[in-house]
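Asker: Data file entry_8.txt (compact mmCIF, C-alpha atoms) is appended below.
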```txt
# COMPACT_ATOMS: atom_id res chain seq x y z
CA MET A 1 2.95 30.56 4.84
CA ILE A 2 5.55 31.07 7.54
CA VAL A 3 8.62 29.24 8.83
CA ARG A 4 8.10 27.30 12.05
CA ARG A 5 11.60 25.83 12.28
CA VAL A 6 14.52 25.11 9.98
CA LEU A 7 15.22 21.40 9.44
CA ASN A 8 18.21 21.70 7.09
CA ASN A 9 19.55 23.95 4.34
CA ASN A 10 16.73 22.95 1.98
CA VAL A 11 13.83 22.02 4.25
CA VAL A 12 11.75 23.87 6.85
CA ASP A 13 8.79 23.00 9.03
CA GLY A 14 6.13 25.57 8.20
CA LEU A 15 2.57 26.70 8.90
CA ASP A 16 0.16 27.35 6.05
CA ASP A 17 -2.54 30.02 6.02
CA SER A 18 -4.90 27.77 8.03
CA LEU A 19 -2.12 27.15 10.60
CA GLN A 20 -1.72 23.53 9.52
CA GLU A 21 1.80 22.11 9.78
CA VAL A 22 3.52 21.39 6.46
CA ILE A 23 6.99 20.29 5.42
CA VAL A 24 8.39 22.74 2.87
CA PHE A 25 11.27 22.04 0.48
CA GLY A 26 13.21 24.48 -1.69
CA LYS A 27 16.85 24.77 -2.71
CA GLY A 28 18.62 26.84 -0.06
CA LEU A 29 15.32 27.56 1.69
CA GLY A 30 16.51 26.62 5.17
CA PHE A 31 19.75 28.54 4.74
CA LYS A 32 17.85 31.72 3.85
CA SER A 33 14.97 31.40 6.33
CA LYS A 34 14.36 32.16 9.99
CA PRO A 35 11.43 31.14 12.23
CA GLY A 36 8.48 33.52 11.79
CA GLU A 37 9.47 34.67 8.32
CA SER A 38 7.15 34.36 5.33
CA ILE A 39 7.88 31.87 2.53
CA ASP A 40 7.59 32.66 -1.17
CA GLU A 41 5.34 29.78 -2.29
CA SER A 42 6.37 30.13 -5.95
CA MET A 43 9.84 28.80 -5.08
CA ILE A 44 8.96 25.78 -2.94
CA GLU A 45 7.49 22.30 -2.89
CA ILE A 46 5.03 21.50 -0.10
CA PHE A 47 4.60 18.15 1.65
CA ARG A 48 1.12 18.51 3.15
CA LEU A 49 0.66 15.62 5.60
CA ASP A 50 -2.72 15.45 7.31
CA ASP A 51 -1.62 12.68 9.68
CA ALA A 52 0.17 14.26 12.64
CA ALA A 53 2.22 11.16 13.48
CA ALA A 54 3.33 10.78 9.85
CA SER A 55 4.25 14.46 9.75
CA ARG A 56 6.41 14.16 12.88
CA HIS A 57 8.14 11.06 11.52
CA PHE A 58 8.82 12.73 8.18
CA ALA A 59 10.16 15.85 9.91
CA SER A 60 12.50 13.69 12.00
CA ILE A 61 14.20 12.10 8.97
CA VAL A 62 13.86 14.71 6.24
CA GLY A 63 17.08 16.45 7.23
CA SER A 64 19.10 13.40 6.21
CA ILE A 65 17.39 12.82 2.84
CA PRO A 66 19.04 14.28 -0.30
CA ALA A 67 17.03 17.05 -1.95
CA ASP A 68 16.63 15.22 -5.28
CA VAL A 69 15.27 12.14 -3.50
CA LEU A 70 12.73 14.26 -1.59
CA THR A 71 11.45 15.80 -4.80
CA ALA A 72 11.27 12.41 -6.53
CA THR A 73 9.41 10.94 -3.53
CA ALA A 74 6.82 13.72 -3.59
CA ASP A 75 6.25 13.17 -7.30
CA ILE A 76 5.80 9.41 -6.85
CA VAL A 77 3.35 9.77 -3.94
CA THR A 78 1.29 12.34 -5.84
CA ARG A 79 1.20 10.18 -8.97
CA ALA A 80 0.36 7.02 -6.97
CA ARG A 81 -2.67 8.72 -5.42
CA GLU A 82 -3.85 9.99 -8.79
CA GLU A 83 -3.27 6.85 -10.84
CA LEU A 84 -3.95 4.01 -8.39
CA ARG A 85 -7.08 5.66 -6.97
CA VAL A 86 -6.68 4.03 -3.56
CA LYS A 87 -6.36 5.56 -0.11
CA ILE A 88 -2.65 5.93 0.65
CA SER A 89 -1.41 6.87 4.11
CA ASP A 90 0.82 9.92 4.57
CA SER A 91 3.33 7.50 6.07
CA LEU A 92 4.41 6.73 2.49
CA TYR A 93 6.33 10.01 2.30
CA ALA A 94 8.71 9.04 5.10
CA SER A 95 8.99 5.31 4.38
CA LEU A 96 9.56 5.76 0.66
CA ALA A 97 11.96 8.70 0.99
CA ASP A 98 14.01 6.80 3.57
CA HIS A 99 14.06 3.68 1.41
CA LEU A 100 14.95 5.52 -1.79
CA SER A 101 17.75 7.42 -0.08
CA PHE A 102 19.28 4.10 0.97
CA ALA A 103 18.62 2.44 -2.41
CA VAL A 104 20.25 5.28 -4.35
CA ALA A 105 23.31 5.29 -2.07
CA ARG A 106 23.60 1.50 -2.41
CA VAL A 107 23.50 1.66 -6.22
CA ARG A 108 26.06 4.45 -6.33
CA ASP A 109 28.33 2.43 -4.04
CA GLY A 110 27.94 -0.67 -6.20
CA GLY A 111 26.02 -2.67 -3.57
CA ASP A 112 23.73 -5.61 -4.27
CA PHE A 113 20.50 -6.73 -2.64
CA THR A 114 17.67 -9.23 -2.74
CA VAL A 115 13.96 -8.45 -2.57
CA PRO A 116 11.50 -10.64 -0.65
CA LEU A 117 7.93 -11.40 -1.77
CA ALA A 118 8.69 -10.77 -5.45
CA VAL A 119 6.42 -13.57 -6.69
CA GLU A 120 3.56 -12.57 -4.38
CA VAL A 121 3.71 -8.89 -5.33
CA ARG A 122 3.61 -9.67 -9.05
CA ARG A 123 0.76 -12.15 -8.57
CA PHE A 124 -1.46 -10.38 -6.03
CA TYR A 125 -0.71 -6.70 -6.71
CA PRO A 126 -0.13 -6.36 -10.48
CA THR A 127 -1.46 -2.78 -10.59
CA GLU A 128 0.86 -1.54 -7.84
CA TYR A 129 3.73 -3.46 -9.40
CA ALA A 130 3.13 -1.95 -12.85
CA PHE A 131 3.03 1.52 -11.29
CA ALA A 132 6.24 0.83 -9.36
CA LYS A 133 8.02 -0.26 -12.55
CA SER A 134 7.15 3.07 -14.13
CA ALA A 135 8.36 4.81 -10.95
CA VAL A 136 11.75 3.09 -11.27
CA THR A 137 12.06 4.36 -14.86
CA GLU A 138 11.15 7.86 -13.67
CA LEU A 139 13.67 7.72 -10.81
CA ASN A 140 16.47 6.57 -13.08
CA VAL A 141 15.91 9.57 -15.35
CA LYS A 142 15.48 12.14 -12.59
CA LEU A 143 18.31 10.92 -10.38
CA GLY A 144 20.71 9.91 -13.14
CA ILE A 145 21.19 6.38 -11.81
CA GLU A 146 20.34 2.80 -12.80
CA LEU A 147 18.19 1.22 -10.13
CA PRO A 148 17.77 -2.55 -10.65
CA ALA A 149 14.45 -3.74 -12.07
CA ASP A 150 13.59 -5.52 -8.79
CA GLU A 151 13.50 -2.13 -7.07
CA ALA A 152 9.93 -2.02 -8.38
CA ILE A 153 9.06 -4.78 -5.89
CA SER A 154 10.33 -2.67 -2.97
CA ILE A 155 8.45 0.43 -4.11
CA ALA A 156 5.27 -1.61 -4.59
CA LEU A 157 5.62 -3.02 -1.07
CA HIS A 158 5.86 0.49 0.38
CA ILE A 159 2.72 1.49 -1.52
CA ILE A 160 0.87 -1.63 -0.34
CA ASN A 161 1.91 -0.96 3.27
CA ALA A 162 0.63 2.61 2.97
CA GLN A 163 -2.81 1.30 1.95
CA VAL A 164 -3.13 -0.44 5.31
CA GLY A 165 -2.04 2.29 7.68
CA GLY A 166 1.69 2.19 7.01
CA ALA A 167 2.94 -0.55 9.34
CA ALA A 168 6.17 -2.04 7.99
CA ASP A 169 4.82 -5.61 7.95
CA SER A 170 1.38 -4.82 6.50
CA ALA A 171 2.15 -6.09 3.00
CA THR A 172 3.60 -9.32 4.38
CA ARG A 173 0.53 -9.89 6.56
CA LEU A 174 -1.81 -9.11 3.64
CA MET A 175 -0.13 -11.63 1.38
CA GLU A 176 0.12 -14.26 4.09
CA LEU A 177 -3.63 -14.01 4.73
CA THR A 178 -4.44 -14.11 1.01
CA HIS A 179 -2.15 -17.13 0.58
CA SER A 180 -3.75 -18.93 3.53
CA ILE A 181 -7.30 -18.52 2.22
CA LEU A 182 -6.27 -19.66 -1.25
CA ASP A 183 -4.64 -22.72 0.33
CA ILE A 184 -7.73 -23.55 2.40
CA VAL A 185 -9.85 -23.59 -0.77
CA ARG A 186 -7.23 -25.43 -2.83
CA LEU A 187 -6.71 -28.18 -0.26
CA ASN A 188 -10.41 -28.48 0.56
CA PHE A 189 -11.30 -29.34 -3.03
CA GLY A 190 -7.96 -30.66 -4.30
CA ILE A 191 -7.89 -28.14 -7.12
CA ALA A 192 -5.00 -26.52 -8.98
CA TYR A 193 -5.40 -22.81 -9.73
CA ASP A 194 -4.87 -21.45 -13.21
CA ASP A 195 -3.17 -18.16 -12.40
CA ASP A 196 -4.33 -16.62 -15.68
CA SER A 197 -7.97 -17.63 -15.49
CA PRO A 198 -10.61 -14.89 -15.00
CA ALA A 199 -12.12 -16.79 -12.05
CA TYR A 200 -8.78 -16.95 -10.22
CA LEU A 201 -7.94 -13.30 -10.92
CA ARG A 202 -11.36 -12.15 -9.69
CA PHE A 203 -11.00 -14.27 -6.54
CA VAL A 204 -7.54 -12.91 -5.77
CA THR A 205 -8.73 -9.34 -6.27
CA HIS A 206 -11.63 -9.92 -3.88
CA LEU A 207 -9.35 -11.56 -1.31
CA ARG A 208 -6.97 -8.59 -1.49
CA PHE A 209 -9.70 -6.21 -0.37
CA PHE A 210 -11.07 -8.68 2.15
CA ALA A 211 -7.61 -9.13 3.71
CA GLN A 212 -7.17 -5.37 3.82
CA ARG A 213 -10.46 -4.96 5.70
CA VAL A 214 -9.44 -7.69 8.14
CA LEU A 215 -6.16 -5.95 8.94
CA LEU A 216 -7.90 -2.58 9.31
CA GLY A 217 -10.60 -4.08 11.54
CA GLU A 218 -13.38 -3.22 9.08
CA THR A 219 -16.39 -5.32 8.06
CA VAL A 220 -18.90 -5.03 5.21
CA GLN A 221 -22.31 -5.09 6.85
CA ARG A 222 -25.43 -5.47 4.71
CA ASP A 223 -28.64 -7.38 5.24
CA ASP A 224 -27.57 -10.50 3.31
CA ALA A 225 -28.54 -13.14 5.87
CA GLU A 226 -31.43 -14.47 3.76
CA LEU A 227 -29.29 -14.56 0.61
CA LEU A 228 -26.62 -16.46 2.53
CA ARG A 229 -29.23 -19.00 3.70
CA ILE A 230 -30.45 -19.59 0.14
CA LEU A 231 -26.93 -19.95 -1.25
CA ARG A 232 -26.00 -22.44 1.49
CA GLU A 233 -28.85 -24.64 0.27
CA GLN A 234 -27.89 -24.25 -3.40
CA LYS A 235 -24.11 -24.57 -3.05
CA PRO A 236 -23.45 -26.52 0.16
CA ALA A 237 -19.88 -27.58 -0.66
CA ALA A 238 -18.73 -24.03 -1.44
CA PHE A 239 -20.28 -22.58 1.70
CA ALA A 240 -18.96 -25.37 3.92
CA CYS A 241 -15.55 -24.21 2.73
CA VAL A 242 -16.53 -20.61 3.56
CA ASP A 243 -17.14 -21.76 7.13
CA ARG A 244 -13.59 -23.11 7.24
CA VAL A 245 -12.28 -19.77 6.01
CA ASP A 246 -14.41 -17.97 8.60
CA ALA A 247 -13.04 -20.17 11.40
CA PHE A 248 -9.46 -19.57 10.24
CA VAL A 249 -9.85 -15.79 10.02
CA MET A 250 -11.47 -15.68 13.45
CA ARG A 251 -8.71 -17.83 14.94
CA SER A 252 -5.83 -15.97 13.28
CA HIS A 253 -7.11 -12.38 13.27
CA GLY A 254 -10.16 -12.24 15.54
CA HIS A 255 -12.34 -11.27 12.58
CA ALA A 256 -15.91 -12.60 12.34
CA MET A 257 -16.98 -12.63 8.70
CA SER A 258 -20.27 -10.89 7.98
CA ALA A 259 -23.02 -12.49 5.91
CA SER A 260 -22.06 -10.28 2.97
CA GLU A 261 -18.42 -11.36 3.12
CA LYS A 262 -19.46 -15.00 3.26
CA VAL A 263 -21.77 -14.54 0.26
CA TYR A 264 -19.11 -13.04 -1.97
CA ILE A 265 -16.31 -15.42 -1.00
CA GLY A 266 -18.69 -18.38 -1.33
CA LEU A 267 -19.70 -17.35 -4.84
CA HIS A 268 -16.06 -17.04 -5.85
CA ILE A 269 -15.31 -20.50 -4.43
CA ALA A 270 -18.32 -21.95 -6.27
CA SER A 271 -16.88 -20.70 -9.56
CA PHE A 272 -14.04 -23.24 -9.21
CA LEU A 273 -16.37 -26.23 -8.70
```
In structure tokens, write the structure found in this file.

Answerer:
Amino acid sequence: MIVRRVLNNNVVDGLDDSLQEVIVFGKGLGFKSKPGESIDESMIEIFRLDDAAASRHFASIVGSIPADVLTATADIVTRAREELRVKISDSLYASLADHLSFAVARVRDGGDFTVPLAVEVRRFYPTEYAFAKSAVTELNVKLGIELPADEAISIALHIINAQVGGAADSATRLMELTHSILDIVRLNFGIAYDDDSPAYLRFVTHLRFFAQRVLLGETVQRDDAELLRILREQKPAAFACVDRVDAFVMRSHGHAMSASEKVYIGLHIASFL
């Protein structure tokens, strides 16, 4: 591995043996290194970002991020990918490092803050929230600070955003779409959800992945047209509501639900009737 350019006293932009760009961190590394020189890999931490845009963004901000925050960020991203078992964009490195740098400085300066979407994150993304709570505990130990408990909401939001390409408003849009579909069903049948019931939890989980596909422009396509026809005959009220959901999603996001998507959402709706 060789140095491509020095970003600060601890960070360099490097090239690995396959000539792929990597961000390399090590105490005093930038101070000791010059472009073209080899790097002792036993003394460094490597941020290997496959997404070129994410790599450029990270390189543009990494010089202003404290070394301990960079290391903590790398550990959290690695652990999130291993434990959550979801596809997480490389954009999480930059967004989370930038956020944590600000959050740590704010705590050390005695600042206060409020976190939006706290209720929605706890309700719709309990796995990401539980992971983020453990990340806060880890950060407090590693950085020697006392981040507030609600910092877990912010970390979870960054992780959720990174599951949908990394746009800053992805989590908000995901939860708004999930909320809207739940409201369509609730108002259509005049029902009250039991947030702890298995049927509700299964429905919310399915809607999470459906909303994610909508935002990513993806569709599940299987040959379920005949199954959809049969279910429409058997459960007409549930599938009439599916048509309302389909019309809303098309109007709001330009997404035409496939037969498979209608089948699964319809069966979830039928479980409430």

Asker: Every residue with an atom at most 8 Å from (3.4, 12.0, 7.7) (file coordinates; all atoms listed in the file) is what I'm after, so could you write them as an NGL selection string?

Answerer: :A and (49-58 or 89-94)

Asker: Find the residues near region 119-131 of chain A: any atom within 7 Å, counting all atoms listed in the file, skip ones fewer than 2 places away on the same chain, and give them as a list in words.

Answerer: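 Once the nearby chain positions are removed, what remains is Leu117, Lys133, Ser134, Ala135, Ala152, Ile153, Ala156, Met175 and Val204 of chain A.
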
Asker: Residues near region 216-221 of chain A, anyone? I mean within 10 Å using all atoms listed in the file, not counting same-chain ones fewer than 6 positions away, as a ChimeraX atom specification.

Answerer: /A:163-165,170,210,253-261

Asker: Just the residues within 12 Å of Leu228 (chain A), please, counting all atoms listed in the file, with nothing from its chain fewer than 4 positions along; format it as number ranges by chain.

Answerer: A: 222-224, 232-236, 238-240, 242-243, 258-267

Asker: Check the smallest atom-to-atom distance from each of A:Leu174, A:Val77, A:Leu201, A:Leu227 to Ile159 (chain A) using only C-alpha atoms, then report the winner.

Answerer: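 Of the candidates, the smallest distance to Ile159 (chain A) is held by A:Val77.
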
Asker: Using Å and a single decimal, report how far CA of Arg208 (chain A) sits from CA of Val86 (chain A).

Answerer: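 Interatomic distance here is 12.8 Å.
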
Asker: For CA of Pro116 (chain A) and CA of Thr73 (chain A), quote the distance in Å rounded to one decimal.

Answerer: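 CA of Thr73 (chain A) lies at a distance of 21.9 Å from CA of Pro116 (chain A).
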
Asker: To one decimal place in Å, what is the distance between CA of Ser154 (chain A) and CA of Val115 (chain A)?

Answerer: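 For CA of Ser154 (chain A) relative to CA of Val115 (chain A), the distance reads 6.8 Å.
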
Asker: For Lys142 (chain A), work out the shell of residues within 10 Å, counting all atoms listed in the file and skipping chain neighbours fewer than 6 positions away, then give it as a PyMOL selection string.

Answerer: chain A and resi 68-69+71-72+136

Asker: Looking at A:Asp246, A:Asp16, A:Asp75, A:Glu37, which one is nearest to Glu138 (chain A), with distances taken over only C-alpha atoms?

Answerer: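 For Glu138 (chain A), the nearest of the candidates is A:Asp75.
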
Asker: Might you pull out every residue within 9 Å of Leu207 (chain A), with only C-alpha atoms counted and same-chain residues fewer than 6 positions away left off, and present them as a ChimeraX atom specification?

Answerer: /A:177-178,181-182,265

Asker: Mind dumping the selected residues with C-alpha atoms as a PDB file, in the coordinates of the input?

Answerer:
```pdb
ATOM      1  CA  LEU A 177      -3.630 -14.010   4.730  1.00  0.00           C
ATOM      2  CA  THR A 178      -4.440 -14.110   1.010  1.00  0.00           C
ATOM      3  CA  ILE A 181      -7.300 -18.520   2.220  1.00  0.00           C
ATOM      4  CA  LEU A 182      -6.270 -19.660  -1.250  1.00  0.00           C
ATOM      5  CA  ILE A 265     -16.310 -15.420  -1.000  1.00  0.00           C
TER       6      ILE A 265
END
```

Asker: With 6 Å of padding per side, what axis-aligned box (centre and edge lengths, Å, one decimal) covers all the listed atoms of region 38-45 of chain A? Give it as lines of an AutoDock Vina configuration file.

Answerer:
```
center_x = 7.6
center_y = 28.3
center_z = -0.3
size_x = 16.5
size_y = 24.1
size_z = 23.3
```

Asker: Dump as a PyMOL selection string all residues having an atom at most 6 Å from (-12.7, -16.2, -7.1), computed in the file's coordinates with all atoms listed in the file.

Answerer: chain A and resi 199-200+202-203+268-269

Asker: Pick out the closest residue to Ser95 (chain A) from this set: A:His158, A:Arg186, A:Arg108, A:Arg79. Count all atoms listed in the file.

Answerer: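 The answer is A:His158, which sits nearest to Ser95 (chain A).
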